[in-house]
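Dropping run_28.pdb in here (PDB, N, CA and C atoms):
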ATOM      1  N   MET G1214      25.002   9.724  -1.499
ATOM      2  CA  MET G1214      23.588   9.486  -1.668
ATOM      3  C   MET G1214      23.360   7.974  -1.757
ATOM      4  N   GLN G1215      22.434   7.483  -0.963
ATOM      5  CA  GLN G1215      22.163   6.053  -0.923
ATOM      6  C   GLN G1215      21.135   5.669  -1.974
ATOM      7  N   GLN G1216      21.285   4.460  -2.493
ATOM      8  CA  GLN G1216      20.311   3.952  -3.437
ATOM      9  C   GLN G1216      19.188   3.264  -2.674
ATOM     10  N   HIS G1217      17.961   3.525  -3.093
ATOM     11  CA  HIS G1217      16.798   2.899  -2.474
ATOM     12  C   HIS G1217      16.273   1.826  -3.411
ATOM     13  N   LYS G1218      15.945   0.681  -2.834
ATOM     14  CA  LYS G1218      15.419  -0.418  -3.622
ATOM     15  C   LYS G1218      13.929  -0.200  -3.857
ATOM     16  N   ILE G1219      13.537  -0.107  -5.108
ATOM     17  CA  ILE G1219      12.147   0.123  -5.484
ATOM     18  C   ILE G1219      11.544  -1.207  -5.920
ATOM     19  N   PRO G1220      10.380  -1.605  -5.362
ATOM     20  CA  PRO G1220       9.768  -2.873  -5.775
ATOM     21  C   PRO G1220       9.413  -2.842  -7.261
ATOM     22  N   GLN G1221       9.700  -3.925  -7.963
ATOM     23  CA  GLN G1221       9.431  -4.004  -9.391
ATOM     24  C   GLN G1221       8.085  -4.657  -9.683
ATOM     25  N   THR G1222       7.464  -5.291  -8.696
ATOM     26  CA  THR G1222       6.174  -5.942  -8.904
ATOM     27  C   THR G1222       5.193  -5.482  -7.831
ATOM     28  N   LEU G1223       3.931  -5.753  -8.073
ATOM     29  CA  LEU G1223       2.907  -5.401  -7.092
ATOM     30  C   LEU G1223       2.891  -6.348  -5.914
ATOM     31  N   ASP G1224       3.508  -7.522  -6.066
ATOM     32  CA  ASP G1224       3.483  -8.526  -5.018
ATOM     33  C   ASP G1224       4.557  -8.318  -3.958
ATOM     34  N   ALA G1225       5.428  -7.347  -4.126
ATOM     35  CA  ALA G1225       6.470  -7.091  -3.135
ATOM     36  C   ALA G1225       5.820  -6.584  -1.855
ATOM     37  N   PRO G1226       6.315  -6.994  -0.681
ATOM     38  CA  PRO G1226       5.685  -6.571   0.568
ATOM     39  C   PRO G1226       5.837  -5.067   0.805
ATOM     40  N   THR G1227       4.834  -4.469   1.397
ATOM     41  CA  THR G1227       4.863  -3.056   1.716
ATOM     42  C   THR G1227       5.784  -2.825   2.906
ATOM     43  N   LEU G1228       6.668  -1.845   2.795
ATOM     44  CA  LEU G1228       7.624  -1.581   3.866
ATOM     45  C   LEU G1228       7.310  -0.260   4.551
ATOM     46  N   ALA G1229       7.508  -0.227   5.860
ATOM     47  CA  ALA G1229       7.445   0.993   6.656
ATOM     48  C   ALA G1229       8.728   1.016   7.481
ATOM     49  N   LEU G1230       9.623   1.925   7.154
ATOM     50  CA  LEU G1230      10.979   1.956   7.694
ATOM     51  C   LEU G1230      11.683   0.649   7.306
ATOM     52  N   ILE G1231      12.004  -0.212   8.257
ATOM     53  CA  ILE G1231      12.650  -1.476   7.918
ATOM     54  C   ILE G1231      11.715  -2.666   8.118
ATOM     55  N   PHE G1232      10.491  -2.406   8.512
ATOM     56  CA  PHE G1232       9.535  -3.475   8.811
ATOM     57  C   PHE G1232       8.566  -3.644   7.657
ATOM     58  N   ASN G1233       8.122  -4.879   7.414
ATOM     59  CA  ASN G1233       7.045  -5.060   6.453
ATOM     60  C   ASN G1233       5.712  -4.904   7.191
ATOM     61  N   ALA G1234       4.626  -4.969   6.464
ATOM     62  CA  ALA G1234       3.320  -4.660   7.045
ATOM     63  C   ALA G1234       2.923  -5.641   8.149
ATOM     64  N   SER G1235       3.246  -6.915   8.002
ATOM     65  CA  SER G1235       2.838  -7.875   9.038
ATOM     66  C   SER G1235       3.588  -7.637  10.347
ATOM     67  N   HIS G1236       4.872  -7.258  10.272
ATOM     68  CA  HIS G1236       5.608  -6.910  11.493
ATOM     69  C   HIS G1236       4.973  -5.707  12.180
ATOM     70  N   LEU G1237       4.690  -4.695  11.381
ATOM     71  CA  LEU G1237       4.164  -3.450  11.944
ATOM     72  C   LEU G1237       2.786  -3.645  12.563
ATOM     73  N   PHE G1238       1.890  -4.346  11.856
ATOM     74  CA  PHE G1238       0.540  -4.542  12.382
ATOM     75  C   PHE G1238       0.533  -5.428  13.623
ATOM     76  N   SER G1239       1.368  -6.457  13.629
ATOM     77  CA  SER G1239       1.409  -7.309  14.817
ATOM     78  C   SER G1239       2.007  -6.557  16.003
ATOM     79  N   PHE G1240       3.025  -5.729  15.762
ATOM     80  CA  PHE G1240       3.608  -4.927  16.838
ATOM     81  C   PHE G1240       2.581  -3.959  17.414
ATOM     82  N   ILE G1241       1.865  -3.256  16.543
ATOM     83  CA  ILE G1241       0.861  -2.285  17.008
ATOM     84  C   ILE G1241      -0.274  -2.993  17.749
ATOM     85  N   GLY G1242      -0.752  -4.098  17.198
ATOM     86  CA  GLY G1242      -1.852  -4.829  17.835
ATOM     87  C   GLY G1242      -1.468  -5.386  19.197
ATOM     88  N   PHE G1243      -0.298  -6.002  19.287
ATOM     89  CA  PHE G1243       0.145  -6.548  20.570
ATOM     90  C   PHE G1243       0.440  -5.431  21.570
ATOM     91  N   THR G1244       0.963  -4.296  21.101
ATOM     92  CA  THR G1244       1.229  -3.180  22.012
ATOM     93  C   THR G1244      -0.065  -2.602  22.572
ATOM     94  N   ILE G1245      -1.090  -2.487  21.741
ATOM     95  CA  ILE G1245      -2.385  -1.999  22.235
ATOM     96  C   ILE G1245      -2.955  -2.971  23.264
ATOM     97  N   ALA G1246      -2.852  -4.274  22.972
ATOM     98  CA  ALA G1246      -3.312  -5.255  23.953
ATOM     99  C   ALA G1246      -2.472  -5.179  25.227
ATOM    100  N   GLY G1247      -1.176  -4.894  25.088
ATOM    101  CA  GLY G1247      -0.303  -4.745  26.249
ATOM    102  C   GLY G1247      -0.645  -3.534  27.090
ATOM    103  N   VAL G1248      -1.069  -2.447  26.464
ATOM    104  CA  VAL G1248      -1.508  -1.268  27.214
ATOM    105  C   VAL G1248      -2.747  -1.603  28.031
ATOM    106  N   ILE G1249      -3.620  -2.392  27.458
ATOM    107  CA  ILE G1249      -4.850  -2.764  28.157
ATOM    108  C   ILE G1249      -4.543  -3.632  29.377
ATOM    109  N   ILE G1250      -3.602  -4.575  29.232
ATOM    110  CA  ILE G1250      -3.291  -5.454  30.364
ATOM    111  C   ILE G1250      -2.198  -4.902  31.266
ATOM    112  N   GLY G1251      -1.534  -3.809  30.857
ATOM    113  CA  GLY G1251      -0.554  -3.156  31.714
ATOM    114  C   GLY G1251       0.899  -3.501  31.442
ATOM    115  N   HIS G1252       1.207  -4.185  30.358
ATOM    116  CA  HIS G1252       2.587  -4.549  30.014
ATOM    117  C   HIS G1252       2.854  -4.283  28.531
ATOM    118  N   PRO G1253       2.934  -3.004  28.125
ATOM    119  CA  PRO G1253       3.078  -2.717  26.693
ATOM    120  C   PRO G1253       4.424  -3.126  26.109
ATOM    121  N   PHE G1254       5.511  -3.044  26.884
ATOM    122  CA  PHE G1254       6.826  -3.375  26.328
ATOM    123  C   PHE G1254       6.977  -4.881  26.093
ATOM    124  N   TYR G1255       6.490  -5.677  27.030
ATOM    125  CA  TYR G1255       6.535  -7.126  26.848
ATOM    126  C   TYR G1255       5.664  -7.543  25.668
ATOM    127  N   ALA G1256       4.492  -6.965  25.585
ATOM    128  CA  ALA G1256       3.579  -7.308  24.498
ATOM    129  C   ALA G1256       4.119  -6.812  23.157
ATOM    130  N   GLY G1257       4.784  -5.665  23.127
ATOM    131  CA  GLY G1257       5.392  -5.181  21.890
ATOM    132  C   GLY G1257       6.493  -6.096  21.405
ATOM    133  N   ALA G1258       7.327  -6.579  22.332
ATOM    134  CA  ALA G1258       8.376  -7.532  21.968
ATOM    135  C   ALA G1258       7.766  -8.836  21.471
ATOM    136  N   LEU G1259       6.696  -9.268  22.106
ATOM    137  CA  LEU G1259       5.997 -10.468  21.659
ATOM    138  C   LEU G1259       5.389 -10.256  20.275
ATOM    139  N   GLY G1260       4.906  -9.044  19.998
ATOM    140  CA  GLY G1260       4.352  -8.724  18.686
ATOM    141  C   GLY G1260       5.405  -8.757  17.588
ATOM    142  N   ILE G1261       6.619  -8.264  17.882
ATOM    143  CA  ILE G1261       7.696  -8.327  16.893
ATOM    144  C   ILE G1261       8.078  -9.775  16.626
ATOM    145  N   ALA G1262       8.164 -10.580  17.681
ATOM    146  CA  ALA G1262       8.497 -11.993  17.510
ATOM    147  C   ALA G1262       7.410 -12.714  16.713
ATOM    148  N   PHE G1263       6.142 -12.440  17.025
ATOM    149  CA  PHE G1263       5.040 -13.066  16.298
ATOM    150  C   PHE G1263       5.049 -12.659  14.833
ATOM    151  N   GLY G1264       5.310 -11.380  14.563
ATOM    152  CA  GLY G1264       5.363 -10.904  13.178
ATOM    153  C   GLY G1264       6.463 -11.562  12.374
ATOM    154  N   SER G1265       7.637 -11.735  12.983
ATOM    155  CA  SER G1265       8.730 -12.376  12.247
ATOM    156  C   SER G1265       8.444 -13.858  12.017
ATOM    157  N   LEU G1266       7.867 -14.540  13.008
ATOM    158  CA  LEU G1266       7.516 -15.949  12.818
ATOM    159  C   LEU G1266       6.424 -16.109  11.766
ATOM    160  N   PHE G1267       5.449 -15.210  11.785
ATOM    161  CA  PHE G1267       4.378 -15.257  10.793
ATOM    162  C   PHE G1267       4.925 -15.029   9.388
ATOM    163  N   THR G1268       5.856 -14.091   9.245
ATOM    164  CA  THR G1268       6.443 -13.817   7.935
ATOM    165  C   THR G1268       7.233 -15.021   7.433
ATOM    166  N   ARG G1269       8.007 -15.640   8.314
ATOM    167  CA  ARG G1269       8.758 -16.835   7.913
ATOM    168  C   ARG G1269       7.819 -17.960   7.487
ATOM    169  N   TYR G1270       6.720 -18.131   8.199
ATOM    170  CA  TYR G1270       5.767 -19.193   7.874
ATOM    171  C   TYR G1270       5.039 -18.887   6.565
ATOM    172  N   ALA G1271       4.589 -17.649   6.402
ATOM    173  CA  ALA G1271       3.803 -17.300   5.226
ATOM    174  C   ALA G1271       4.643 -17.271   3.955
ATOM    175  N   ASP G1272       5.938 -16.995   4.056
ATOM    176  CA  ASP G1272       6.781 -16.967   2.871
ATOM    177  C   ASP G1272       7.017 -18.351   2.292
ATOM    178  N   LYS G1273       6.911 -19.382   3.105
ATOM    179  CA  LYS G1273       7.165 -20.749   2.640
ATOM    180  C   LYS G1273       5.936 -21.399   2.011
ATOM    181  N   LYS G1274       4.763 -20.837   2.233
ATOM    182  CA  LYS G1274       3.521 -21.436   1.749
ATOM    183  C   LYS G1274       2.993 -20.666   0.536
ATOM    184  N   PRO G1275       2.156 -21.295  -0.297
ATOM    185  CA  PRO G1275       1.585 -20.589  -1.449
ATOM    186  C   PRO G1275       0.538 -19.553  -1.011
ATOM    187  N   ASP G1276       0.199 -18.658  -1.942
ATOM    188  CA  ASP G1276      -0.794 -17.626  -1.651
ATOM    189  C   ASP G1276      -2.137 -18.260  -1.318
ATOM    190  N   GLY G1277      -2.808 -17.743  -0.290
ATOM    191  CA  GLY G1277      -4.114 -18.238   0.103
ATOM    192  C   GLY G1277      -4.086 -19.450   1.008
ATOM    193  N   TYR G1278      -2.907 -19.893   1.441
ATOM    194  CA  TYR G1278      -2.806 -21.100   2.257
ATOM    195  C   TYR G1278      -3.469 -20.902   3.620
ATOM    196  N   LEU G1279      -3.164 -19.798   4.292
ATOM    197  CA  LEU G1279      -3.748 -19.549   5.612
ATOM    198  C   LEU G1279      -5.260 -19.352   5.521
ATOM    199  N   ARG G1280      -5.711 -18.752   4.434
ATOM    200  CA  ARG G1280      -7.147 -18.580   4.234
ATOM    201  C   ARG G1280      -7.825 -19.934   4.050
ATOM    202  N   HIS G1281      -7.193 -20.827   3.320
ATOM    203  CA  HIS G1281      -7.744 -22.169   3.120
ATOM    204  C   HIS G1281      -7.798 -22.931   4.443
ATOM    205  N   ILE G1282      -6.746 -22.846   5.248
ATOM    206  CA  ILE G1282      -6.722 -23.544   6.534
ATOM    207  C   ILE G1282      -7.808 -23.007   7.458
ATOM    208  N   SER G1283      -7.991 -21.671   7.477
ATOM    209  CA  SER G1283      -9.035 -21.115   8.336
ATOM    210  C   SER G1283     -10.424 -21.550   7.864
ATOM    211  N   TYR G1284     -10.632 -21.649   6.549
ATOM    212  CA  TYR G1284     -11.912 -22.131   6.035
ATOM    213  C   TYR G1284     -12.114 -23.598   6.403
ATOM    214  N   PHE G1285     -11.047 -24.387   6.302
ATOM    215  CA  PHE G1285     -11.124 -25.813   6.617
ATOM    216  C   PHE G1285     -11.449 -26.036   8.097
ATOM    217  N   LEU G1286     -10.941 -25.153   8.967
ATOM    218  CA  LEU G1286     -11.192 -25.283  10.399
ATOM    219  C   LEU G1286     -12.538 -24.706  10.825
ATOM    220  N   GLY G1287     -13.257 -24.055   9.910
ATOM    221  CA  GLY G1287     -14.601 -23.593  10.208
ATOM    222  C   GLY G1287     -14.733 -22.104  10.454
ATOM    223  N   ALA G1288     -13.663 -21.335  10.292
ATOM    224  CA  ALA G1288     -13.756 -19.887  10.478
ATOM    225  C   ALA G1288     -14.411 -19.271   9.244
ATOM    226  N   PRO G1289     -15.279 -18.282   9.432
ATOM    227  CA  PRO G1289     -15.904 -17.650   8.269
ATOM    228  C   PRO G1289     -14.872 -16.857   7.477
ATOM    229  N   VAL G1290     -14.815 -17.106   6.182
ATOM    230  CA  VAL G1290     -13.860 -16.424   5.307
ATOM    231  C   VAL G1290     -14.649 -15.510   4.399
ATOM    232  N   LEU G1291     -14.241 -14.253   4.342
ATOM    233  CA  LEU G1291     -14.941 -13.272   3.521
ATOM    234  C   LEU G1291     -14.552 -13.453   2.057
ATOM    235  N   SER G1292     -14.987 -12.541   1.220
ATOM    236  CA  SER G1292     -14.742 -12.656  -0.212
ATOM    237  C   SER G1292     -13.246 -12.625  -0.516
ATOM    238  N   GLY G1293     -12.918 -12.891  -1.766
ATOM    239  CA  GLY G1293     -11.533 -12.990  -2.200
ATOM    240  C   GLY G1293     -10.801 -11.662  -2.197
ATOM    241  N   ARG G1294      -9.734 -11.626  -2.958
ATOM    242  CA  ARG G1294      -8.901 -10.432  -3.010
ATOM    243  C   ARG G1294      -9.670  -9.262  -3.602
ATOM    244  N   SER G1295      -9.369  -8.078  -3.126
ATOM    245  CA  SER G1295     -10.028  -6.890  -3.651
ATOM    246  C   SER G1295      -9.170  -6.204  -4.705
ATOM    247  N   TYR G1296      -8.006  -6.751  -4.989
ATOM    248  CA  TYR G1296      -7.140  -6.191  -6.013
ATOM    249  C   TYR G1296      -6.657  -7.319  -6.920
ATOM    250  N   PRO G1297      -6.349  -7.007  -8.169
ATOM    251  CA  PRO G1297      -5.942  -8.069  -9.088
ATOM    252  C   PRO G1297      -4.528  -8.559  -8.798
ATOM    253  N   ASN G1298      -4.225  -9.757  -9.252
ATOM    254  CA  ASN G1298      -2.903 -10.324  -9.103
ATOM    255  C   ASN G1298      -1.925  -9.561  -9.994
ATOM    256  N   GLY G1299      -0.743  -9.252  -9.485
ATOM    257  CA  GLY G1299       0.230  -8.477 -10.238
ATOM    258  C   GLY G1299       0.878  -9.248 -11.363
ATOM    259  N   VAL G1300       0.791 -10.576 -11.341
ATOM    260  CA  VAL G1300       1.433 -11.388 -12.366
ATOM    261  C   VAL G1300       0.577 -11.473 -13.623
ATOM    262  N   GLU G1301      -0.731 -11.385 -13.485
ATOM    263  CA  GLU G1301      -1.630 -11.490 -14.636
ATOM    264  C   GLU G1301      -1.494 -10.241 -15.510
ATOM    265  N   ARG G1302      -1.468 -10.446 -16.811
ATOM    266  CA  ARG G1302      -1.230  -9.355 -17.752
ATOM    267  C   ARG G1302      -2.500  -8.612 -18.158
ATOM    268  N   GLU G1303      -3.635  -9.226 -18.021
ATOM    269  CA  GLU G1303      -4.876  -8.542 -18.394
ATOM    270  C   GLU G1303      -5.856  -8.621 -17.238
ATOM    271  N   PHE G1304      -6.664  -7.585 -17.098
ATOM    272  CA  PHE G1304      -7.615  -7.499 -15.999
ATOM    273  C   PHE G1304      -8.921  -8.131 -16.418
ATOM    274  N   ARG G1305      -9.381  -9.123 -15.643
ATOM    275  CA  ARG G1305     -10.663  -9.783 -15.899
ATOM    276  C   ARG G1305     -11.519  -9.627 -14.655
ATOM    277  N   PRO G1306     -12.580  -8.817 -14.705
ATOM    278  CA  PRO G1306     -13.411  -8.611 -13.508
ATOM    279  C   PRO G1306     -14.216  -9.826 -13.107
TER     280      PRO G1306
END

Would you mind writing the file out in structure tokens?
Amino acid sequence: MQQHKIPQTLDAPTLALIFNASHLFSFIGFTIAGVIIGHPFYAGALGIAFGSLFTRYADKKPDGYLRHISYFLGAPVLSGRSYPNGVEREFRP
């Protein structure tokens, strides 16, 4: 029987099989775009590569960095997080 690693905090990335959420969403999004243009396998491979590069980039930066850059460049940024931070011990609405 194999041991499964259970996340101990709320900030741990969500996993689906062996992929985290950013890998999976980028793969699905690029594959759908690939179906539209007629090359789903190439676009799926590009989606996996983009997801891994995005994960490497986002892990090195603090939380909210990409949101700050998009706001600085003029993209409309919606409201903040819809869930509380897992590190904070008390909930303040």

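Minimum distance to G:Ala1234 across G:Gln1216, G:Ala1246, G:Gly1264, G:Phe1285 (counting only N, CA and C atoms) occurs at G:Gly1264.
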
Minimum-distance residue to G:Gly1257, chosen among G:Asp1276, G:Ala1288, G:Gly1242, G:Ile1282 (using only C-alpha atoms):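 Residue with the minimum atom-to-atom distance to G:Gly1257: G:Gly1242.
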
In stretch 1215-1297 of chain G, DSSP strand (DSSP E or B) residues written as a PyMOL selection string: chain G and resi 1228-1229+1232-1233

d(atom CA of G:Tyr1255, atom CA of G:Ile1241) in Å: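 For atom CA of G:Tyr1255 relative to atom CA of G:Ile1241, the distance reads 12.3 Å.
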
Shell of 8 Å around G:Phe1267, all atoms listed in the file, local chain residues under 6 positions omitted, as a PyMOL selection string: chain G and resi 1235-1236+1261+1273

Backbone DSSP call of alpha helix (DSSP H) for stretch 1221-1284 of chain G, listed as a ChimeraX atom specification: /G:1234-1250,1253-1273,1278-1284

Would you export the selected residues with N, CA and C atoms as a short mmCIF file (atom, residue, chain, number, x, y, z; two decimals), in the frame of the given file, please?
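part05.cif written:
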data_model
loop_
_atom_site.label_atom_id
_atom_site.label_comp_id
_atom_site.auth_asym_id
_atom_site.auth_seq_id
_atom_site.Cartn_x
_atom_site.Cartn_y
_atom_site.Cartn_z
N ALA G 1234 4.63 -4.97 6.46
CA ALA G 1234 3.32 -4.66 7.04
C ALA G 1234 2.92 -5.64 8.15
N SER G 1235 3.25 -6.92 8.00
CA SER G 1235 2.84 -7.88 9.04
C SER G 1235 3.59 -7.64 10.35
N HIS G 1236 4.87 -7.26 10.27
CA HIS G 1236 5.61 -6.91 11.49
C HIS G 1236 4.97 -5.71 12.18
N LEU G 1237 4.69 -4.70 11.38
CA LEU G 1237 4.16 -3.45 11.94
C LEU G 1237 2.79 -3.64 12.56
N PHE G 1238 1.89 -4.35 11.86
CA PHE G 1238 0.54 -4.54 12.38
C PHE G 1238 0.53 -5.43 13.62
N SER G 1239 1.37 -6.46 13.63
CA SER G 1239 1.41 -7.31 14.82
C SER G 1239 2.01 -6.56 16.00
N PHE G 1240 3.02 -5.73 15.76
CA PHE G 1240 3.61 -4.93 16.84
C PHE G 1240 2.58 -3.96 17.41
N ILE G 1241 1.86 -3.26 16.54
CA ILE G 1241 0.86 -2.28 17.01
C ILE G 1241 -0.27 -2.99 17.75
N GLY G 1242 -0.75 -4.10 17.20
CA GLY G 1242 -1.85 -4.83 17.84
C GLY G 1242 -1.47 -5.39 19.20
N PHE G 1243 -0.30 -6.00 19.29
CA PHE G 1243 0.14 -6.55 20.57
C PHE G 1243 0.44 -5.43 21.57
N THR G 1244 0.96 -4.30 21.10
CA THR G 1244 1.23 -3.18 22.01
C THR G 1244 -0.06 -2.60 22.57
N ILE G 1245 -1.09 -2.49 21.74
CA ILE G 1245 -2.38 -2.00 22.24
C ILE G 1245 -2.96 -2.97 23.26
N ALA G 1246 -2.85 -4.27 22.97
CA ALA G 1246 -3.31 -5.26 23.95
C ALA G 1246 -2.47 -5.18 25.23
N GLY G 1247 -1.18 -4.89 25.09
CA GLY G 1247 -0.30 -4.74 26.25
C GLY G 1247 -0.64 -3.53 27.09
N VAL G 1248 -1.07 -2.45 26.46
CA VAL G 1248 -1.51 -1.27 27.21
C VAL G 1248 -2.75 -1.60 28.03
N ILE G 1249 -3.62 -2.39 27.46
CA ILE G 1249 -4.85 -2.76 28.16
C ILE G 1249 -4.54 -3.63 29.38
N ILE G 1250 -3.60 -4.58 29.23
CA ILE G 1250 -3.29 -5.45 30.36
C ILE G 1250 -2.20 -4.90 31.27
N PRO G 1253 2.93 -3.00 28.12
CA PRO G 1253 3.08 -2.72 26.69
C PRO G 1253 4.42 -3.13 26.11
N PHE G 1254 5.51 -3.04 26.88
CA PHE G 1254 6.83 -3.38 26.33
C PHE G 1254 6.98 -4.88 26.09
N TYR G 1255 6.49 -5.68 27.03
CA TYR G 1255 6.54 -7.13 26.85
C TYR G 1255 5.66 -7.54 25.67
N ALA G 1256 4.49 -6.96 25.58
CA ALA G 1256 3.58 -7.31 24.50
C ALA G 1256 4.12 -6.81 23.16
N GLY G 1257 4.78 -5.66 23.13
CA GLY G 1257 5.39 -5.18 21.89
C GLY G 1257 6.49 -6.10 21.40
N ALA G 1258 7.33 -6.58 22.33
CA ALA G 1258 8.38 -7.53 21.97
C ALA G 1258 7.77 -8.84 21.47
N LEU G 1259 6.70 -9.27 22.11
CA LEU G 1259 6.00 -10.47 21.66
C LEU G 1259 5.39 -10.26 20.27
N GLY G 1260 4.91 -9.04 20.00
CA GLY G 1260 4.35 -8.72 18.69
C GLY G 1260 5.40 -8.76 17.59
N ILE G 1261 6.62 -8.26 17.88
CA ILE G 1261 7.70 -8.33 16.89
C ILE G 1261 8.08 -9.78 16.63
N ALA G 1262 8.16 -10.58 17.68
CA ALA G 1262 8.50 -11.99 17.51
C ALA G 1262 7.41 -12.71 16.71
N PHE G 1263 6.14 -12.44 17.02
CA PHE G 1263 5.04 -13.07 16.30
C PHE G 1263 5.05 -12.66 14.83
N GLY G 1264 5.31 -11.38 14.56
CA GLY G 1264 5.36 -10.90 13.18
C GLY G 1264 6.46 -11.56 12.37
N SER G 1265 7.64 -11.74 12.98
CA SER G 1265 8.73 -12.38 12.25
C SER G 1265 8.44 -13.86 12.02
N LEU G 1266 7.87 -14.54 13.01
CA LEU G 1266 7.52 -15.95 12.82
C LEU G 1266 6.42 -16.11 11.77
N PHE G 1267 5.45 -15.21 11.78
CA PHE G 1267 4.38 -15.26 10.79
C PHE G 1267 4.92 -15.03 9.39
N THR G 1268 5.86 -14.09 9.24
CA THR G 1268 6.44 -13.82 7.94
C THR G 1268 7.23 -15.02 7.43
N ARG G 1269 8.01 -15.64 8.31
CA ARG G 1269 8.76 -16.84 7.91
C ARG G 1269 7.82 -17.96 7.49
N TYR G 1270 6.72 -18.13 8.20
CA TYR G 1270 5.77 -19.19 7.87
C TYR G 1270 5.04 -18.89 6.56
N ALA G 1271 4.59 -17.65 6.40
CA ALA G 1271 3.80 -17.30 5.23
C ALA G 1271 4.64 -17.27 3.96
N ASP G 1272 5.94 -17.00 4.06
CA ASP G 1272 6.78 -16.97 2.87
C ASP G 1272 7.02 -18.35 2.29
N LYS G 1273 6.91 -19.38 3.10
CA LYS G 1273 7.16 -20.75 2.64
C LYS G 1273 5.94 -21.40 2.01
N TYR G 1278 -2.91 -19.89 1.44
CA TYR G 1278 -2.81 -21.10 2.26
C TYR G 1278 -3.47 -20.90 3.62
N LEU G 1279 -3.16 -19.80 4.29
CA LEU G 1279 -3.75 -19.55 5.61
C LEU G 1279 -5.26 -19.35 5.52
N ARG G 1280 -5.71 -18.75 4.43
CA ARG G 1280 -7.15 -18.58 4.23
C ARG G 1280 -7.82 -19.93 4.05
N HIS G 1281 -7.19 -20.83 3.32
CA HIS G 1281 -7.74 -22.17 3.12
C HIS G 1281 -7.80 -22.93 4.44
N ILE G 1282 -6.75 -22.85 5.25
CA ILE G 1282 -6.72 -23.54 6.53
C ILE G 1282 -7.81 -23.01 7.46
N SER G 1283 -7.99 -21.67 7.48
CA SER G 1283 -9.04 -21.12 8.34
C SER G 1283 -10.42 -21.55 7.86
N TYR G 1284 -10.63 -21.65 6.55
CA TYR G 1284 -11.91 -22.13 6.04
C TYR G 1284 -12.11 -23.60 6.40
#

Between atom C of G:His1217 and atom C of G:Ser1239 - distance in Å to one decimal: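 About the pair atom C of G:Ser1239 and atom C of G:His1217: they are 25.5 Å apart.
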
Between atom CA of G:Ile1245 and atom CA of G:Gly1260 - distance in Å to one decimal: 10.2 Å
